[in-house]
$ cat protein_20.txt   # compact mmCIF, C-alpha atoms
# COMPACT_ATOMS: atom_id res chain seq x y z
CA MET Q 51 206.94 -76.92 105.81
CA LYS Q 52 207.64 -77.88 102.24
CA PHE Q 53 207.94 -75.96 98.96
CA GLY Q 54 207.13 -77.30 95.51
CA VAL Q 55 208.64 -75.90 92.31
CA VAL Q 56 206.62 -76.71 89.20
CA VAL Q 57 208.53 -77.73 86.08
CA PHE Q 58 206.83 -77.14 82.74
CA PRO Q 59 208.48 -77.97 79.43
CA GLY Q 60 210.44 -74.77 78.85
CA SER Q 61 210.73 -73.61 82.47
CA ASN Q 62 214.24 -72.28 83.02
CA CYS Q 63 214.21 -70.67 86.47
CA ASP Q 64 213.07 -73.83 88.26
CA GLN Q 65 216.58 -74.78 89.35
CA ASP Q 66 217.30 -71.27 90.64
CA CYS Q 67 214.12 -71.35 92.75
CA PHE Q 68 214.95 -74.85 93.99
CA TYR Q 69 218.48 -73.78 94.87
CA VAL Q 70 217.35 -70.71 96.80
CA ILE Q 71 214.85 -72.67 98.89
CA LYS Q 72 217.18 -75.60 99.52
CA ASP Q 73 220.61 -74.00 99.89
CA VAL Q 74 219.96 -70.37 100.82
CA LEU Q 75 216.83 -70.73 102.98
CA ARG Q 76 217.56 -74.36 103.92
CA LYS Q 77 213.98 -75.55 103.70
CA PRO Q 78 212.62 -78.76 102.15
CA VAL Q 79 211.67 -78.44 98.49
CA LYS Q 80 210.77 -80.73 95.64
CA TYR Q 81 210.15 -80.44 91.92
CA ILE Q 82 206.66 -81.06 90.59
CA TRP Q 83 206.60 -82.25 86.98
CA HIS Q 84 203.77 -80.61 85.07
CA LYS Q 85 202.06 -83.99 84.59
CA ASP Q 86 202.03 -84.73 88.33
CA THR Q 87 198.81 -84.00 90.15
CA ASN Q 88 199.85 -84.81 93.69
CA LEU Q 89 200.53 -81.79 95.90
CA ASP Q 90 200.29 -83.67 99.20
CA GLY Q 91 202.33 -82.20 102.01
CA LEU Q 92 203.21 -78.98 100.17
CA ASP Q 93 202.69 -75.59 101.80
CA CYS Q 94 203.85 -73.29 99.04
CA ILE Q 95 203.82 -73.76 95.27
CA ILE Q 96 206.24 -71.80 93.09
CA LEU Q 97 205.52 -71.34 89.38
CA PRO Q 98 208.95 -70.41 88.06
CA GLY Q 99 210.02 -68.29 85.13
CA GLY Q 100 210.94 -69.52 81.68
CA PHE Q 101 209.25 -70.09 78.35
CA SER Q 102 206.70 -72.77 79.06
CA TYR Q 103 205.62 -74.42 75.80
CA GLY Q 104 207.84 -72.00 73.90
CA ASP Q 105 205.49 -69.12 74.73
CA TYR Q 106 203.39 -70.39 71.82
CA LEU Q 107 200.00 -68.75 71.19
CA ARG Q 108 200.27 -66.43 74.22
CA THR Q 109 202.66 -66.63 77.18
CA GLY Q 110 201.29 -69.07 79.72
CA SER Q 111 198.24 -69.98 77.66
CA ILE Q 112 199.19 -73.63 77.08
CA ALA Q 113 200.80 -74.25 80.49
CA ARG Q 114 197.58 -73.26 82.18
CA PHE Q 115 196.02 -76.46 80.80
CA SER Q 116 198.82 -78.71 82.09
CA PRO Q 117 197.54 -81.49 84.40
CA VAL Q 118 199.30 -79.92 87.41
CA MET Q 119 197.27 -76.72 87.10
CA LYS Q 120 194.05 -78.42 88.19
CA PRO Q 121 195.26 -79.32 91.71
CA ILE Q 122 197.09 -75.98 91.91
CA THR Q 123 193.83 -74.14 91.19
CA GLU Q 124 192.15 -76.23 93.89
CA PHE Q 125 195.08 -75.54 96.27
CA ALA Q 126 194.82 -71.80 95.60
CA LYS Q 127 191.04 -71.78 96.06
CA ASN Q 128 191.52 -73.43 99.45
CA GLY Q 129 193.88 -70.66 100.53
CA GLY Q 130 197.19 -72.38 99.68
CA THR Q 131 200.21 -70.16 99.09
CA VAL Q 132 201.10 -69.78 95.40
CA ILE Q 133 203.75 -67.50 93.91
CA GLY Q 134 204.22 -67.05 90.17
CA ILE Q 135 207.43 -65.43 88.98
CA CYS Q 136 207.70 -63.98 85.45
CA ASN Q 137 206.35 -66.76 83.21
CA GLY Q 138 204.73 -68.14 86.37
CA PHE Q 139 202.88 -64.81 86.72
CA GLN Q 140 201.82 -65.03 83.08
CA ILE Q 141 200.46 -68.55 83.71
CA LEU Q 142 198.49 -67.36 86.77
CA LEU Q 143 196.91 -64.63 84.62
CA GLU Q 144 195.95 -67.05 81.86
CA ALA Q 145 194.58 -69.47 84.46
CA GLY Q 146 192.41 -66.72 85.91
CA LEU Q 147 193.99 -67.07 89.36
CA LEU Q 148 195.01 -63.43 89.03
CA PRO Q 149 193.17 -60.74 87.03
CA GLY Q 150 194.49 -59.06 83.88
CA VAL Q 151 196.81 -60.00 81.07
CA MET Q 152 200.34 -59.43 79.75
CA LEU Q 153 201.04 -57.63 76.49
CA ARG Q 154 204.36 -57.38 74.71
CA ASN Q 155 206.75 -54.82 76.17
CA ARG Q 156 205.92 -51.44 74.70
CA ASP Q 157 209.31 -51.07 72.96
CA LEU Q 158 209.11 -54.69 71.70
CA ASN Q 159 212.47 -55.54 73.29
CA PHE Q 160 213.29 -58.39 75.59
CA ILE Q 161 214.47 -56.57 78.72
CA CYS Q 162 217.02 -58.18 81.03
CA ARG Q 163 218.35 -55.85 83.73
CA TYR Q 164 217.99 -54.69 87.30
CA VAL Q 165 215.00 -52.51 88.09
CA TYR Q 166 213.74 -50.90 91.26
CA ILE Q 167 210.33 -51.77 92.62
CA LYS Q 168 208.41 -50.25 95.48
CA THR Q 169 206.66 -52.38 98.09
CA GLU Q 170 203.16 -50.93 97.92
CA ASN Q 171 201.63 -53.50 100.22
CA ASN Q 172 203.71 -55.07 102.98
CA ARG Q 173 200.73 -56.59 104.74
CA THR Q 174 200.80 -59.83 102.79
CA ARG Q 175 202.22 -63.25 103.48
CA PHE Q 176 204.79 -62.55 100.75
CA THR Q 177 206.02 -59.15 101.91
CA ASN Q 178 205.68 -59.04 105.70
CA LEU Q 179 209.45 -58.58 106.21
CA TYR Q 180 209.62 -55.43 104.07
CA ASN Q 181 208.85 -51.96 105.32
CA ALA Q 182 205.92 -50.11 103.79
CA GLY Q 183 207.22 -48.40 100.67
CA GLN Q 184 210.57 -50.22 100.77
CA ILE Q 185 212.47 -50.01 97.49
CA LEU Q 186 213.90 -53.27 96.17
CA LYS Q 187 216.53 -53.84 93.51
CA ILE Q 188 215.53 -56.97 91.61
CA PRO Q 189 216.23 -58.05 88.02
CA ILE Q 190 213.61 -58.51 85.31
CA ALA Q 191 214.00 -60.66 82.19
CA HIS Q 192 210.98 -60.74 79.93
CA ASN Q 193 209.40 -59.84 76.63
CA GLU Q 194 205.77 -59.78 77.82
CA GLY Q 195 205.61 -57.81 81.05
CA ASN Q 196 203.36 -55.02 79.91
CA TYR Q 197 200.54 -55.60 82.38
CA TYR Q 198 197.07 -54.65 81.20
CA ILE Q 199 193.63 -54.69 82.77
CA ASP Q 200 190.44 -52.79 81.95
CA PRO Q 201 189.64 -49.60 83.96
CA ALA Q 202 187.11 -51.39 86.19
CA GLY Q 203 189.66 -54.10 86.97
CA LEU Q 204 192.34 -51.52 87.76
CA LYS Q 205 190.00 -49.74 90.14
CA GLU Q 206 189.32 -53.02 91.90
CA LEU Q 207 193.04 -53.73 92.26
CA ARG Q 208 193.61 -50.29 93.75
CA ASP Q 209 190.55 -50.35 96.01
CA ASN Q 210 191.53 -53.72 97.48
CA ASN Q 211 195.22 -52.94 97.86
CA GLN Q 212 196.13 -55.74 95.46
CA ILE Q 213 199.00 -53.91 93.77
CA VAL Q 214 201.96 -55.22 95.75
CA PHE Q 215 204.90 -53.91 93.68
CA ARG Q 216 205.31 -50.97 91.30
CA TYR Q 217 208.29 -50.09 89.13
CA CYS Q 218 210.04 -47.00 90.44
CA SER Q 219 213.30 -45.04 90.52
CA ALA Q 220 216.14 -45.79 92.95
CA THR Q 221 214.58 -43.22 95.25
CA GLY Q 222 211.05 -44.53 94.91
CA GLU Q 223 209.42 -42.23 92.36
CA VAL Q 224 206.68 -44.18 90.63
CA ILE Q 225 206.63 -42.42 87.25
CA ASP Q 226 206.54 -43.54 83.64
CA GLN Q 227 210.24 -42.84 83.13
CA TYR Q 228 211.04 -45.81 85.39
CA ASN Q 229 208.46 -48.10 83.85
CA PRO Q 230 210.55 -50.60 81.85
CA ASN Q 231 207.83 -52.29 79.84
CA GLY Q 232 204.77 -50.03 79.69
CA ALA Q 233 202.87 -51.88 82.42
CA LEU Q 234 199.66 -50.12 83.39
CA ASP Q 235 200.09 -48.03 86.55
CA ASN Q 236 203.75 -49.26 86.76
CA ILE Q 237 202.45 -52.60 88.02
CA ALA Q 238 205.20 -55.15 88.68
CA GLY Q 239 203.32 -57.51 90.99
CA ILE Q 240 199.77 -58.15 92.17
CA ILE Q 241 198.03 -60.38 94.65
CA ASN Q 242 194.59 -61.96 94.50
CA ARG Q 243 191.82 -60.62 96.64
CA LYS Q 244 192.15 -63.39 99.20
CA GLY Q 245 195.86 -62.63 99.53
CA ASN Q 246 197.25 -66.12 98.95
CA VAL Q 247 198.35 -65.88 95.29
CA LEU Q 248 201.11 -63.48 94.21
CA GLY Q 249 202.35 -62.86 90.69
CA LEU Q 250 205.37 -60.69 89.91
CA MET Q 251 207.56 -60.08 86.89
CA PRO Q 252 210.88 -59.42 88.73
CA HIS Q 253 212.95 -62.43 89.77
CA PRO Q 254 213.43 -62.66 93.56
CA GLU Q 255 215.25 -65.99 93.14
CA ARG Q 256 217.96 -64.18 91.17
CA SER Q 257 218.45 -61.64 93.93
CA ALA Q 258 218.55 -63.74 97.07
CA GLU Q 259 222.27 -63.56 97.80
CA LYS Q 260 224.60 -60.58 98.20
CA GLU Q 261 227.18 -62.24 95.95
CA LEU Q 262 224.73 -61.95 93.06
CA GLY Q 263 224.38 -58.20 93.40
CA SER Q 264 221.26 -57.95 95.53
CA GLU Q 265 219.56 -59.93 98.24
CA ASP Q 266 216.38 -57.90 98.19
CA GLY Q 267 214.41 -60.83 96.76
CA TYR Q 268 215.44 -63.15 99.58
CA PHE Q 269 212.88 -61.61 101.92
CA ILE Q 270 209.94 -62.62 99.75
CA PHE Q 271 210.76 -66.26 100.44
CA GLN Q 272 211.64 -65.51 104.05
CA SER Q 273 208.30 -63.70 104.47
CA ILE Q 274 206.48 -66.79 103.23
CA ILE Q 275 208.39 -68.94 105.72
CA LYS Q 276 207.60 -66.56 108.54
CA TRP Q 277 203.94 -66.60 107.60
CA LEU Q 278 203.78 -70.39 107.31
CA ASN Q 279 205.50 -70.81 110.68
CA ARG Q 280 203.15 -68.40 112.33
CA LYS Q 281 200.19 -70.18 110.84
CA ARG Q 282 201.33 -73.45 112.42
CA THR Q 283 201.42 -72.01 115.90
CA TRP Q 284 197.98 -70.47 115.63
CA MET J 238 186.12 -82.46 56.16
CA LEU J 239 185.80 -78.81 57.10
CA LYS J 240 188.42 -76.11 57.35
CA ALA J 241 188.23 -73.21 59.79
CA GLU J 242 190.23 -70.03 59.38
CA ILE J 243 190.40 -68.03 62.58
CA ASN J 244 191.60 -64.44 62.80
CA ILE J 245 192.68 -63.13 66.18
CA THR J 246 193.46 -59.44 66.64
CA LEU J 247 194.01 -57.12 69.57
CA LYS J 248 190.93 -55.16 70.55
CA ARG J 249 190.74 -51.59 69.26
CA THR J 250 191.18 -50.28 72.79
CA VAL J 251 194.47 -52.15 73.29
CA ALA J 252 197.72 -50.60 72.04
CA ASP J 253 199.48 -52.61 69.33
CA PRO J 254 203.20 -51.71 69.40
CA GLN J 255 204.03 -54.22 66.65
CA GLY J 256 201.44 -52.69 64.35
CA LEU J 257 202.78 -49.22 65.10
CA THR J 258 206.36 -50.27 64.35
CA ILE J 259 205.29 -51.78 61.03
CA LYS J 260 203.42 -48.60 60.20
CA HIS J 261 206.57 -46.55 60.77
CA ALA J 262 208.58 -48.96 58.60
CA LEU J 263 206.03 -48.67 55.79
CA GLU J 264 206.10 -44.89 56.05
CA SER J 265 209.88 -44.92 55.79
CA LEU J 266 209.44 -46.89 52.54
CA GLY J 267 207.40 -44.00 51.21
CA TYR J 268 203.85 -45.20 51.86
CA LYS J 269 202.29 -42.04 53.21
CA ASP J 270 198.57 -42.82 53.03
CA LEU J 271 198.37 -45.16 55.99
CA GLY J 272 195.77 -45.27 58.70
CA ASP J 273 196.10 -47.68 61.60
CA VAL J 274 198.19 -50.82 61.14
CA ARG J 275 197.16 -53.77 63.30
CA ILE J 276 198.79 -57.18 63.44
CA GLY J 277 197.10 -60.44 64.40
CA LYS J 278 197.22 -64.20 64.13
CA LEU J 279 195.75 -66.56 61.57
CA LEU J 280 194.98 -70.14 62.61
CA VAL J 281 193.89 -72.81 60.16
CA ILE J 282 192.18 -75.79 61.79
CA LYS J 283 190.91 -78.81 59.90
CA LEU J 284 187.97 -80.65 61.41
CA ASN J 285 186.76 -84.18 60.85
CA LEU J 286 183.20 -82.97 60.84
CA LYS J 287 180.47 -82.64 58.26
CA ASP J 288 178.03 -80.51 60.19
CA LYS J 289 178.96 -76.85 59.75
CA LYS J 290 176.77 -75.69 62.65
CA ARG J 291 178.53 -78.03 65.04
CA ALA J 292 181.92 -76.98 63.67
CA GLU J 293 181.01 -73.33 64.33
CA GLN J 294 180.05 -74.12 67.90
CA GLU J 295 183.26 -76.05 68.52
CA ILE J 296 185.51 -73.39 67.01
CA ASP J 297 183.73 -70.72 69.01
CA GLN J 298 184.36 -72.70 72.20
CA MET J 299 188.00 -73.24 71.26
CA CYS J 300 188.44 -69.50 70.79
CA LYS J 301 186.85 -68.75 74.13
CA LYS J 302 188.76 -71.43 76.06
CA LEU J 303 192.22 -71.18 74.57
CA LEU J 304 192.84 -69.53 71.24
CA ALA J 305 191.94 -65.94 72.11
CA ASN J 306 192.18 -64.05 75.38
CA PRO J 307 188.89 -62.17 75.70
CA ILE J 308 190.45 -59.44 77.83
CA ILE J 309 192.58 -58.13 74.98
CA GLU J 310 191.66 -60.00 71.80
CA ASP J 311 188.78 -60.26 69.34
CA TYR J 312 188.33 -63.22 67.03
CA ARG J 313 186.36 -64.02 63.94
CA PHE J 314 186.33 -67.12 61.83
CA LYS J 315 184.95 -68.67 58.67
CA ILE J 316 184.36 -72.32 58.00
CA GLU J 317 184.51 -73.88 54.56
CA LYS J 318 184.41 -77.30 52.98
CA GLU J 319 187.90 -78.68 52.37

$ encode --input "protein_20.txt" --output "structure tokens"
Amino acid sequence: MKFGVVVFPGSNCDQDCFYVIKDVLRKPVKYIWHKDTNLDGLDCIILPGGFSYGDYLRTGSIARFSPVMKPITEFAKNGGTVIGICNGFQILLEAGLLPGVMLRNRDLNFICRYVYIKTENNRTRFTNLYNAGQILKIPIAHNEGNYYIDPAGLKELRDNNQIVFRYCSATGEVIDQYNPNGALDNIAGIINRKGNVLGLMPHPERSAEKELGSEDGYFIFQSIIKWLNRKRTW
Amino acid sequence: MLKAEINITLKRTVADPQGLTIKHALESLGYKDLGDVRIGKLLVIKLNLKDKKRAEQEIDQMCKKLLANPIIEDYRFKIEKE
């Protein structure tokens, strides 16, 4: 099994993702430059955080037209595993691989701190090692994490169990007080209908080792590995 | 040569925290007769085209494909001779 970490001009969490896969999970991983279009042999694509193209126009709006996004869209449509973290999530939204859009944080501040999120759906290839409702401590670092979708879209997300993570308190209360950025319905992460594309604002790659304050994010990557392994033996 | 000026604003139904913050700042300066304040983007694009109809079609496509996000933004534009 092999992971690929996409590098856009302005990505800045690519090395953290690479490090976690290579040195913490000890799995093969390679960088994919945004002009590359060859995804041969890759089982999971990671779109890392950062400020691709300086966040010009709208976050993710330029990156989504990078040459690499064409094969990634193909890969995703064929059921390939794709995870977008922070700016990677924003790119997936702009690319239409996930529904909705990001607005500026409601208080207009860049927020960089730990938050708690609740695992609302643990029956995905990204969350199968969490318990239902498990509360995770994972940092966020963004200026545009205020998730928005129209009422019909929100209903669809709810009806299909596509809301994977919601911002919550340390004890799991999902209320506005613990919503850091104004995201609709406290949404921190969603999955596509098919279940193979996840986008989330919190940074699991920054919380994959105890020494860094939390290893709650580690199990997202480990879940993917478990799922990919299982798939092989089927 | 033609010049297109494109205005992109958040839809009425979408909250605009920047606009709201500016409104509060204006009120603190003593401007009390304010309604809504909305902020947007202005793009100026020059086109090596003579045909205004074609320019309109192209700009409209550009807005749909890249410049505006139809989920949250409205756009309008005017095209003039440079």

$ residues_around --input "protein_20.txt" --residues "range 282-284 of chain J" --least-positions-apart "5" --cutoff "7 Å" --atoms "all atoms listed in the file" --output "CSV table (one decimal) with C-alpha atoms, keeping the file's coordinate frame"
chain,number,residue,atom,x,y,z
J,238,MET,CA,186.1,-82.5,56.2
J,239,LEU,CA,185.8,-78.8,57.1
J,240,LYS,CA,188.4,-76.1,57.4
J,241,ALA,CA,188.2,-73.2,59.8
J,242,GLU,CA,190.2,-70.0,59.4

$ residues_around --input "protein_20.txt" --residues "Val274 in chain J" --least-positions-apart "3" --cutoff "8 Å" --atoms "all atoms listed in the file" --output "VMD selection string"
chain J and resid 256 to 257 259 to 260 271

$ interface_residues --input "protein_20.txt" --of "chain J" --to "chain Q" --cutoff "10 Å" --atoms "all atoms listed in the file" --output "NGL selection string"
:J and (247 or 250-255 or 258 or 278 or 302-309)

$ write_last_selection --input "protein_20.txt" --atoms "C-alpha atoms" --output "CSV table (one decimal), in the coordinates of the input"
chain,number,residue,atom,x,y,z
J,247,LEU,CA,194.0,-57.1,69.6
J,250,THR,CA,191.2,-50.3,72.8
J,251,VAL,CA,194.5,-52.2,73.3
J,252,ALA,CA,197.7,-50.6,72.0
J,253,ASP,CA,199.5,-52.6,69.3
J,254,PRO,CA,203.2,-51.7,69.4
J,255,GLN,CA,204.0,-54.2,66.6
J,258,THR,CA,206.4,-50.3,64.4
J,278,LYS,CA,197.2,-64.2,64.1
J,302,LYS,CA,188.8,-71.4,76.1
J,303,LEU,CA,192.2,-71.2,74.6
J,304,LEU,CA,192.8,-69.5,71.2
J,305,ALA,CA,191.9,-65.9,72.1
J,306,ASN,CA,192.2,-64.0,75.4
J,307,PRO,CA,188.9,-62.2,75.7
J,308,ILE,CA,190.4,-59.4,77.8
J,309,ILE,CA,192.6,-58.1,75.0

$ atom_distance --input "protein_20.txt" --atom1 "CA of Glu295 in chain J" --atom2 "CA of Ile316 in chain J"
11.2 Å

$ residues_around --input "protein_20.txt" --residues "Met251 in chain Q" --least-positions-apart "5" --cutoff "7 Å" --atoms "only C-alpha atoms" --output "list in words"
Ile135, Cys136, Phe139, Ile190, Gly195, Ala238 and Gly239 of chain Q

$ closest_residue --input "protein_20.txt" --among "Q:Gly138, Q:Gly183, Q:Pro117, Q:Pro78" --to "Gly60 in chain Q" --atoms "all atoms listed in the file"
Q:Gly138

$ atom_distance --input "protein_20.txt" --atom1 "CA of Asn211 in chain Q" --atom2 "CA of Ile237 in chain Q"
12.2 Å

$ atom_distance --input "protein_20.txt" --atom1 "CA of Met51 in chain Q" --atom2 "CA of Met119 in chain Q"
21.1 Å

$ closest_residue --input "protein_20.txt" --among "Q:Phe269, Q:Phe53, Q:Tyr69, Q:Phe58" --to "His84 in chain Q" --atoms "only C-alpha atoms"
Q:Phe58

$ axis_aligned_box --input "protein_20.txt" --around "range 242-246 of chain J" --padding-each-side "5 Å" --output "JSON"
{"center_x": 191.8, "center_y": -64.7, "center_z": 63.0, "size_x": 13.2, "size_y": 20.6, "size_z": 17.3}

$ residues_around --input "protein_20.txt" --residues "range 90-103 of chain Q" --least-positions-apart "5" --cutoff "8 Å" --atoms "all atoms listed in the file" --output "PyMOL selection string"
chain Q and resi 51-64+67+109-110+112-113+122+130-139+278

$ residues_around --input "protein_20.txt" --residues "Arg256 in chain Q" --least-positions-apart "2" --cutoff "10 Å" --atoms "all atoms listed in the file" --output "number ranges by chain"
Q: 63, 66-67, 70, 188-190, 252-254, 258-259, 262-268

$ closest_residue --input "protein_20.txt" --among "Q:Tyr228, Q:Tyr197, Q:Phe215, Q:Tyr180" --to "Ile274 in chain Q" --atoms "all atoms listed in the file"
Q:Tyr180

$ build_atoms --input "protein_20.txt" --residues "range 291-308 of chain J" --atoms "N, CA and C atoms" --output "tab-separated table (two decimals), in the coordinates of the input"
chain	number	residue	atom	x	y	z
J	291	ARG	N	177.80	-77.46	63.90
J	291	ARG	CA	178.53	-78.03	65.04
J	291	ARG	C	179.98	-77.52	65.02
J	292	ALA	N	180.54	-77.47	63.81
J	292	ALA	CA	181.92	-76.98	63.67
J	292	ALA	C	182.02	-75.55	64.20
J	293	GLU	N	181.02	-74.73	63.87
J	293	GLU	CA	181.01	-73.33	64.33
J	293	GLU	C	180.99	-73.27	65.85
J	294	GLN	N	180.14	-74.11	66.43
J	294	GLN	CA	180.05	-74.12	67.90
J	294	GLN	C	181.38	-74.52	68.53
J	295	GLU	N	182.01	-75.56	67.94
J	295	GLU	CA	183.26	-76.05	68.52
J	295	GLU	C	184.37	-75.01	68.39
J	296	ILE	N	184.45	-74.40	67.22
J	296	ILE	CA	185.51	-73.39	67.01
J	296	ILE	C	185.28	-72.21	67.95
J	297	ASP	N	184.04	-71.83	68.11
J	297	ASP	CA	183.73	-70.72	69.01
J	297	ASP	C	184.19	-71.04	70.44
J	298	GLN	N	183.91	-72.27	70.86
J	298	GLN	CA	184.36	-72.70	72.20
J	298	GLN	C	185.87	-72.69	72.31
J	299	MET	N	186.53	-73.20	71.26
J	299	MET	CA	188.00	-73.24	71.26
J	299	MET	C	188.58	-71.83	71.41
J	300	CYS	N	187.97	-70.90	70.71
J	300	CYS	CA	188.44	-69.50	70.79
J	300	CYS	C	188.28	-68.98	72.20
J	301	LYS	N	187.12	-69.26	72.78
J	301	LYS	CA	186.85	-68.75	74.13
J	301	LYS	C	187.76	-69.38	75.18
J	302	LYS	N	187.99	-70.71	75.04
J	302	LYS	CA	188.76	-71.43	76.06
J	302	LYS	C	190.25	-71.19	75.94
J	303	LEU	N	190.76	-71.17	74.72
J	303	LEU	CA	192.22	-71.18	74.57
J	303	LEU	C	192.76	-70.20	73.54
J	304	LEU	N	192.16	-70.18	72.37
J	304	LEU	CA	192.84	-69.53	71.24
J	304	LEU	C	192.93	-68.01	71.37
J	305	ALA	N	191.90	-67.39	71.94
J	305	ALA	CA	191.94	-65.94	72.11
J	305	ALA	C	191.80	-65.62	73.59
J	306	ASN	N	192.38	-64.52	74.00
J	306	ASN	CA	192.18	-64.05	75.38
J	306	ASN	C	191.17	-62.91	75.34
J	307	PRO	N	189.98	-63.15	75.87
J	307	PRO	CA	188.89	-62.17	75.70
J	307	PRO	C	189.17	-60.81	76.32
J	308	ILE	N	190.15	-60.74	77.21
J	308	ILE	CA	190.45	-59.44	77.83
J	308	ILE	C	191.06	-58.48	76.81
